[in-house]
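The structure appears right after this line, and notes come after that.
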Amino acid sequence: MRVPIRPPRGPGGGGHHQVLFVLAKCVPFAIALLVLAIEFTPAHVLYTGPLLVATPALAAVTMGPRGTLAAAGLAVAVSVATATYNQAWGSQQVYSNFLALFLVSLASVTTSRMARARSASELSQVRRIASAAQKVLLRPVPERLGPLRAASLYVAAEKGAQIGGDLYEAMETRYGIRMIVGDVRGKGLPAVRTAAAVLGAFREAVYYEDDLVDVVRHCEAAMRRDAAVPGAVDEEALVEGFVTAVVAQVPDGHVVEVVNRGHPPPLLLRDGKVQPLMPSSPLPPLGLGEFIAGTPGTRDSFPFLPGDRLLLHTDGVNEARDRGNEFFALPEAMEAMPDRGPQEFLDRLCQALVRHTEDRLGDDVAMILVDRTEESEGLGGPDR
């Protein structure tokens, strides 16, 4: 699994905060323009020295060392221009302003550099923690699973983030190769917590439950138990929380069995053509099991022949849009992709997705790709 780490474009969690931040960066330069307007008009009787002295200090709050230096340079240029225009050279006031401006600029640049270094250190620590959490929660799938070659990929939509609400896993068991890809409703830590609960239940149940439907039932029960813990999730997630998921199994024989709980169907690539593995009867997502009428679930079986390629993905892939609001054509992209190994195939598919959205992913992306090789033996996994 390879996870591109995309640095944040700027402080501020939302569009409103981003606008305020940009406006704050403009304040030092607006002050310099105000001083020019005062000094080059009849209003020059006002004393503007303290305003220019404050310019680099204000710049240090919102800009880095370079921006602070630029603001200080602008303040010096304005001071020189106004002193020349007003023929104030030689007065004690002018030289006092320059000395104060020099000292404040020096202190502002030093403070800005220290703040930048501290922020970089804190960001590096957060990324190390996120990387460690990711390796536990979303570990890369093995390159080889019995007769399957496999690869996985995860990209968080949040800038600078490494983990989010999507989940995946692939494991070799005595019942065959079992895989899950899911998408938690919501974002942030509550979504990560729910994903961890579902994945934990899946990793345990795949070794003991012979029926794939029972594996899915264990995942849903774990999700409900986690939501029942007081204070574990917010009120909205408790009332409206759910997880779309698709669970697949490759047992003995050239078939793949699928249980789909409200998730985009897996895509089967055979002889250059993509076929969606649609469920025979649609089922609601995990967490909404009370809406299932009759049997608790169905398991659909599809041919999975040597040379076939199977993609399990979240809706962050097929619902990604460009600036023209056009969806990413995932089947066509798979059909046009060169015949490469699973990991390179996923990497190229992710690059095509990023190009389509112009690096503006609106949702997390999780994918598992498995290739059925010519081998027919060795499907049985560890007996645990």
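Here, A, B, ... name the chains of the structure tokens in the order displayed, residue numbers run from 1 inside each chain, and ligands are numbered from 1 in the same displayed order.
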
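For segment 351-360 of chain A, the non-local neighbours within 10 Å, defined as residues at least 3 positions apart in the same chain or in other chains and counting only C-alpha atoms, are A:Arg6, A:Ala157, A:Glu158, A:Lys159, A:Gly316, A:Val317, A:Asn318, A:Ala320, A:Arg321, A:Asp322, A:Arg323, A:Gly324, A:Asn325, A:Glu326, A:Phe327, A:Phe328, A:Ala329, A:Leu330, A:Ala333, A:Met337, A:Phe345, A:Leu346, A:Asp347, A:Arg348, A:Asp363, A:Val365.
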
Strand (DSSP E or B) residues, from DSSP on the backbone, in segment 135-266 of chain A, as a PyMOL selection string: chain A and resi 144-145+148-155+166-173+176-184+243-250+255-261

Keeping N, CA and C atoms, export the residues of the selection given above as a short mmCIF file (atom, residue, chain, number, x, y, z; two decimals), in the first residue's frame.
```
data_model
loop_
_atom_site.label_atom_id
_atom_site.label_comp_id
_atom_site.auth_asym_id
_atom_site.auth_seq_id
_atom_site.Cartn_x
_atom_site.Cartn_y
_atom_site.Cartn_z
N ARG A 144 0.92 -11.86 -2.01
CA ARG A 144 0.47 -13.17 -2.44
C ARG A 144 -0.50 -13.75 -1.42
N LEU A 145 -1.67 -14.15 -1.89
CA LEU A 145 -2.68 -14.79 -1.04
C LEU A 145 -3.14 -16.06 -1.75
N LEU A 148 -3.87 -16.02 -5.46
CA LEU A 148 -4.14 -14.63 -5.83
C LEU A 148 -2.90 -13.77 -5.65
N ARG A 149 -2.72 -12.86 -6.59
CA ARG A 149 -1.77 -11.76 -6.40
C ARG A 149 -2.59 -10.54 -5.99
N ALA A 150 -2.14 -9.83 -4.97
CA ALA A 150 -2.98 -8.79 -4.39
C ALA A 150 -2.20 -7.49 -4.18
N ALA A 151 -2.94 -6.40 -4.07
CA ALA A 151 -2.38 -5.09 -3.74
C ALA A 151 -3.48 -4.24 -3.15
N SER A 152 -3.10 -3.23 -2.38
CA SER A 152 -4.07 -2.32 -1.77
C SER A 152 -3.55 -0.90 -1.85
N LEU A 153 -4.49 0.05 -1.73
CA LEU A 153 -4.11 1.47 -1.78
C LEU A 153 -5.15 2.27 -1.01
N TYR A 154 -4.66 3.25 -0.28
CA TYR A 154 -5.54 4.14 0.48
C TYR A 154 -5.03 5.58 0.35
N VAL A 155 -5.95 6.49 0.06
CA VAL A 155 -5.64 7.92 -0.01
C VAL A 155 -6.73 8.67 0.74
N ASP A 166 -12.50 5.20 5.43
CA ASP A 166 -12.54 4.02 4.58
C ASP A 166 -11.74 2.89 5.22
N LEU A 167 -12.09 1.65 4.87
CA LEU A 167 -11.42 0.50 5.46
C LEU A 167 -11.27 -0.60 4.42
N TYR A 168 -10.28 -1.45 4.63
CA TYR A 168 -10.08 -2.61 3.76
C TYR A 168 -9.26 -3.66 4.50
N GLU A 169 -9.35 -4.89 4.05
CA GLU A 169 -8.54 -5.98 4.58
C GLU A 169 -8.67 -7.18 3.64
N ALA A 170 -7.65 -7.99 3.56
CA ALA A 170 -7.66 -9.24 2.81
C ALA A 170 -6.86 -10.25 3.60
N MET A 171 -7.45 -11.43 3.85
CA MET A 171 -6.80 -12.43 4.69
C MET A 171 -7.00 -13.82 4.10
N GLU A 172 -6.00 -14.67 4.30
CA GLU A 172 -6.05 -16.05 3.85
C GLU A 172 -6.49 -16.94 5.01
N THR A 173 -7.57 -17.69 4.83
CA THR A 173 -8.13 -18.53 5.88
C THR A 173 -8.36 -19.94 5.33
N GLY A 176 -10.82 -19.98 2.49
CA GLY A 176 -10.43 -19.30 1.27
C GLY A 176 -9.90 -17.91 1.57
N ILE A 177 -9.77 -17.12 0.55
CA ILE A 177 -9.31 -15.73 0.69
C ILE A 177 -10.53 -14.86 0.95
N ARG A 178 -10.48 -14.12 2.05
CA ARG A 178 -11.61 -13.27 2.40
C ARG A 178 -11.17 -11.81 2.44
N MET A 179 -12.00 -10.95 1.85
CA MET A 179 -11.67 -9.53 1.71
C MET A 179 -12.85 -8.66 2.11
N ILE A 180 -12.55 -7.47 2.56
CA ILE A 180 -13.59 -6.48 2.87
C ILE A 180 -13.10 -5.11 2.45
N VAL A 181 -14.01 -4.34 1.88
CA VAL A 181 -13.77 -2.91 1.62
C VAL A 181 -15.02 -2.18 2.08
N GLY A 182 -14.86 -1.14 2.88
CA GLY A 182 -16.01 -0.43 3.41
C GLY A 182 -15.78 1.06 3.50
N ASP A 183 -16.87 1.77 3.75
CA ASP A 183 -16.84 3.23 3.83
C ASP A 183 -17.75 3.65 4.98
N VAL A 184 -17.16 4.28 5.99
CA VAL A 184 -17.91 4.74 7.14
C VAL A 184 -18.54 6.09 6.83
N VAL A 243 -22.25 1.95 7.82
CA VAL A 243 -21.05 1.62 7.05
C VAL A 243 -21.48 0.82 5.83
N THR A 244 -21.17 1.33 4.65
CA THR A 244 -21.36 0.51 3.45
C THR A 244 -20.15 -0.41 3.32
N ALA A 245 -20.39 -1.66 2.93
CA ALA A 245 -19.29 -2.62 2.88
C ALA A 245 -19.60 -3.71 1.86
N VAL A 246 -18.55 -4.22 1.26
CA VAL A 246 -18.64 -5.39 0.40
C VAL A 246 -17.61 -6.39 0.91
N VAL A 247 -18.06 -7.62 1.15
CA VAL A 247 -17.19 -8.69 1.64
C VAL A 247 -17.15 -9.76 0.56
N ALA A 248 -15.96 -10.18 0.19
CA ALA A 248 -15.78 -11.17 -0.88
C ALA A 248 -14.97 -12.34 -0.37
N GLN A 249 -15.22 -13.50 -0.96
CA GLN A 249 -14.50 -14.71 -0.59
C GLN A 249 -14.16 -15.49 -1.86
N VAL A 250 -12.90 -15.94 -1.95
CA VAL A 250 -12.46 -16.80 -3.05
C VAL A 250 -12.18 -18.17 -2.45
N VAL A 255 -14.46 -19.42 -8.46
CA VAL A 255 -15.59 -18.54 -8.19
C VAL A 255 -15.17 -17.50 -7.16
N VAL A 256 -15.97 -16.45 -7.07
CA VAL A 256 -15.85 -15.48 -6.00
C VAL A 256 -17.24 -15.24 -5.42
N GLU A 257 -17.34 -15.31 -4.11
CA GLU A 257 -18.62 -15.11 -3.43
C GLU A 257 -18.62 -13.72 -2.81
N VAL A 258 -19.75 -13.03 -2.92
CA VAL A 258 -19.82 -11.62 -2.51
C VAL A 258 -21.07 -11.39 -1.67
N VAL A 259 -20.90 -10.66 -0.56
CA VAL A 259 -22.01 -10.12 0.21
C VAL A 259 -21.88 -8.61 0.18
N ASN A 260 -22.88 -7.96 -0.38
CA ASN A 260 -22.82 -6.50 -0.58
C ASN A 260 -23.84 -5.83 0.31
N ARG A 261 -23.36 -4.95 1.18
CA ARG A 261 -24.23 -4.19 2.09
C ARG A 261 -24.20 -2.71 1.71
#
```

Among the residues A:Ala201, A:Met278, A:Leu52, A:Val109, the one that comes closest to Arg66 of chain A [using only C-alpha atoms]: A:Val109

Neighbour list for Thr194 of chain A as a ChimeraX atom specification, cut-off 8 Å, only C-alpha atoms, skip fewer than 2 positions in-chain: /A:165,184,190-192,196-198,223,226-227

Interatomic distance, atom CA of Asp210 of chain A to atom CA of Pro276 of chain A (Å, one decimal): 25.4 Å

Secondary structure check, alpha helix (DSSP H) residues of segment 93-216 of chain A, as number ranges by chain: A: 93-137, 188-205, 212-216

Contact residues around segment 84-88 of chain A with only C-alpha atoms at 9 Å, ignoring same-chain residues under 4 positions, as a VMD selection string: chain A and resid 39 to 40 44 79 to 80 93 to 94

Selection: 10 Å around Val61 of chain A, only C-alpha atoms, excl. self and same-chain fewer than 2 positions, as number ranges by chain: A: 24-25, 56-59, 63-64, 68, 108, 111-112, 115

Selection above as a file: all heavy atoms, as a PDB file, in the first residue's frame:
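Contents of selection.pdb, as written:
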```pdb
ATOM      1  N   ALA A  24      -6.176  38.263   6.917  1.00  0.00           N
ATOM      2  CA  ALA A  24      -5.205  38.610   7.948  1.00  0.00           C
ATOM      3  C   ALA A  24      -3.810  38.806   7.364  1.00  0.00           C
ATOM      4  O   ALA A  24      -3.039  39.668   7.820  1.00  0.00           O
ATOM      5  CB  ALA A  24      -5.181  37.518   9.019  1.00  0.00           C
ATOM      6  N   LYS A  25      -3.463  38.025   6.343  1.00  0.00           N
ATOM      7  CA  LYS A  25      -2.154  38.178   5.701  1.00  0.00           C
ATOM      8  C   LYS A  25      -2.043  39.508   4.965  1.00  0.00           C
ATOM      9  O   LYS A  25      -0.930  40.024   4.765  1.00  0.00           O
ATOM     10  CB  LYS A  25      -1.906  37.021   4.727  1.00  0.00           C
ATOM     11  CG  LYS A  25      -1.730  35.673   5.402  1.00  0.00           C
ATOM     12  CD  LYS A  25      -1.583  34.556   4.405  1.00  0.00           C
ATOM     13  CE  LYS A  25      -0.293  34.680   3.617  1.00  0.00           C
ATOM     14  NZ  LYS A  25      -0.085  33.511   2.734  1.00  0.00           N
ATOM     15  N   PRO A  56       5.875  44.557  10.565  1.00  0.00           N
ATOM     16  CA  PRO A  56       6.512  43.226  10.597  1.00  0.00           C
ATOM     17  C   PRO A  56       6.017  42.336  11.727  1.00  0.00           C
ATOM     18  O   PRO A  56       5.971  41.111  11.582  1.00  0.00           O
ATOM     19  CB  PRO A  56       8.000  43.559  10.763  1.00  0.00           C
ATOM     20  CG  PRO A  56       8.046  44.938  11.315  1.00  0.00           C
ATOM     21  CD  PRO A  56       6.858  45.637  10.748  1.00  0.00           C
ATOM     22  N   ALA A  57       5.617  42.919  12.849  1.00  0.00           N
ATOM     23  CA  ALA A  57       5.093  42.117  13.949  1.00  0.00           C
ATOM     24  C   ALA A  57       3.772  41.457  13.559  1.00  0.00           C
ATOM     25  O   ALA A  57       3.522  40.285  13.867  1.00  0.00           O
ATOM     26  CB  ALA A  57       4.912  42.984  15.192  1.00  0.00           C
ATOM     27  N   LEU A  58       2.915  42.202  12.858  1.00  0.00           N
ATOM     28  CA  LEU A  58       1.658  41.622  12.389  1.00  0.00           C
ATOM     29  C   LEU A  58       1.901  40.563  11.326  1.00  0.00           C
ATOM     30  O   LEU A  58       1.207  39.536  11.280  1.00  0.00           O
ATOM     31  CB  LEU A  58       0.755  42.728  11.836  1.00  0.00           C
ATOM     32  CG  LEU A  58       0.232  43.747  12.861  1.00  0.00           C
ATOM     33  CD1 LEU A  58      -0.506  44.880  12.152  1.00  0.00           C
ATOM     34  CD2 LEU A  58      -0.684  43.057  13.862  1.00  0.00           C
ATOM     35  N   ALA A  59       2.894  40.791  10.469  1.00  0.00           N
ATOM     36  CA  ALA A  59       3.205  39.811   9.429  1.00  0.00           C
ATOM     37  C   ALA A  59       3.707  38.504  10.027  1.00  0.00           C
ATOM     38  O   ALA A  59       3.454  37.419   9.500  1.00  0.00           O
ATOM     39  CB  ALA A  59       4.245  40.379   8.463  1.00  0.00           C
ATOM     40  N   MET A  63       2.401  35.019   8.524  1.00  0.00           N
ATOM     41  CA  MET A  63       3.320  34.651   7.448  1.00  0.00           C
ATOM     42  C   MET A  63       4.615  34.098   8.025  1.00  0.00           C
ATOM     43  O   MET A  63       4.946  34.326   9.187  1.00  0.00           O
ATOM     44  CB  MET A  63       3.605  35.859   6.549  1.00  0.00           C
ATOM     45  CG  MET A  63       2.388  36.329   5.771  1.00  0.00           C
ATOM     46  SD  MET A  63       2.738  37.698   4.651  1.00  0.00           S
ATOM     47  CE  MET A  63       2.766  39.053   5.823  1.00  0.00           C
ATOM     48  N   GLY A  64       5.346  33.413   7.193  1.00  0.00           N
ATOM     49  CA  GLY A  64       6.610  32.859   7.607  1.00  0.00           C
ATOM     50  C   GLY A  64       7.709  33.904   7.610  1.00  0.00           C
ATOM     51  O   GLY A  64       7.462  35.106   7.435  1.00  0.00           O
ATOM     52  N   THR A  68       7.538  37.910   6.561  1.00  0.00           N
ATOM     53  CA  THR A  68       7.877  38.929   7.552  1.00  0.00           C
ATOM     54  C   THR A  68       8.965  39.853   7.033  1.00  0.00           C
ATOM     55  O   THR A  68       8.907  41.082   7.213  1.00  0.00           O
ATOM     56  CB  THR A  68       8.339  38.266   8.858  1.00  0.00           C
ATOM     57  OG1 THR A  68       7.327  37.349   9.303  1.00  0.00           O
ATOM     58  CG2 THR A  68       8.580  39.298   9.940  1.00  0.00           C
ATOM     59  N   SER A 108      10.665  39.975  15.023  1.00  0.00           N
ATOM     60  CA  SER A 108       9.569  39.316  14.321  1.00  0.00           C
ATOM     61  C   SER A 108      10.068  38.166  13.453  1.00  0.00           C
ATOM     62  O   SER A 108       9.469  37.084  13.416  1.00  0.00           O
ATOM     63  CB  SER A 108       8.809  40.333  13.461  1.00  0.00           C
ATOM     64  OG  SER A 108       8.262  41.352  14.265  1.00  0.00           O
ATOM     65  N   THR A 111      11.134  35.316  15.746  1.00  0.00           N
ATOM     66  CA  THR A 111       9.954  34.638  16.278  1.00  0.00           C
ATOM     67  C   THR A 111       9.271  33.795  15.220  1.00  0.00           C
ATOM     68  O   THR A 111       8.831  32.666  15.489  1.00  0.00           O
ATOM     69  CB  THR A 111       8.964  35.671  16.839  1.00  0.00           C
ATOM     70  OG1 THR A 111       9.613  36.446  17.853  1.00  0.00           O
ATOM     71  CG2 THR A 111       7.741  34.996  17.422  1.00  0.00           C
ATOM     72  N   SER A 112       9.184  34.324  14.014  1.00  0.00           N
ATOM     73  CA  SER A 112       8.541  33.587  12.929  1.00  0.00           C
ATOM     74  C   SER A 112       9.302  32.309  12.602  1.00  0.00           C
ATOM     75  O   SER A 112       8.704  31.260  12.364  1.00  0.00           O
ATOM     76  CB  SER A 112       8.434  34.476  11.690  1.00  0.00           C
ATOM     77  OG  SER A 112       7.824  33.787  10.626  1.00  0.00           O
ATOM     78  N   ALA A 115       8.640  29.784  15.363  1.00  0.00           N
ATOM     79  CA  ALA A 115       7.291  29.230  15.256  1.00  0.00           C
ATOM     80  C   ALA A 115       7.194  28.250  14.100  1.00  0.00           C
ATOM     81  O   ALA A 115       6.547  27.197  14.213  1.00  0.00           O
ATOM     82  CB  ALA A 115       6.272  30.363  15.083  1.00  0.00           C
TER      83      ALA A 115
END
```

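Straight-line separation from atom CA of Arg299 of chain A to atom CA of Leu283 of chain A: 11.0 Å.
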
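In this structure, atom CA of Thr62 of chain A sits 21.0 Å away from atom CA of Ala100 of chain A.
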
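Of the listed residues A:Gln18, A:Thr82, A:Ser121, A:Thr55, the one whose atoms come nearest to Ile38 of chain A is A:Thr82, with distances taken using only C-alpha atoms.
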
Selection: 10 Å around Gly307 of chain A, only C-alpha atoms, excl. self and same-chain fewer than 5 positions, as a list in words: Leu269, Arg270, Asp271, Asp371, Arg372, Thr373 and Glu374 of chain A
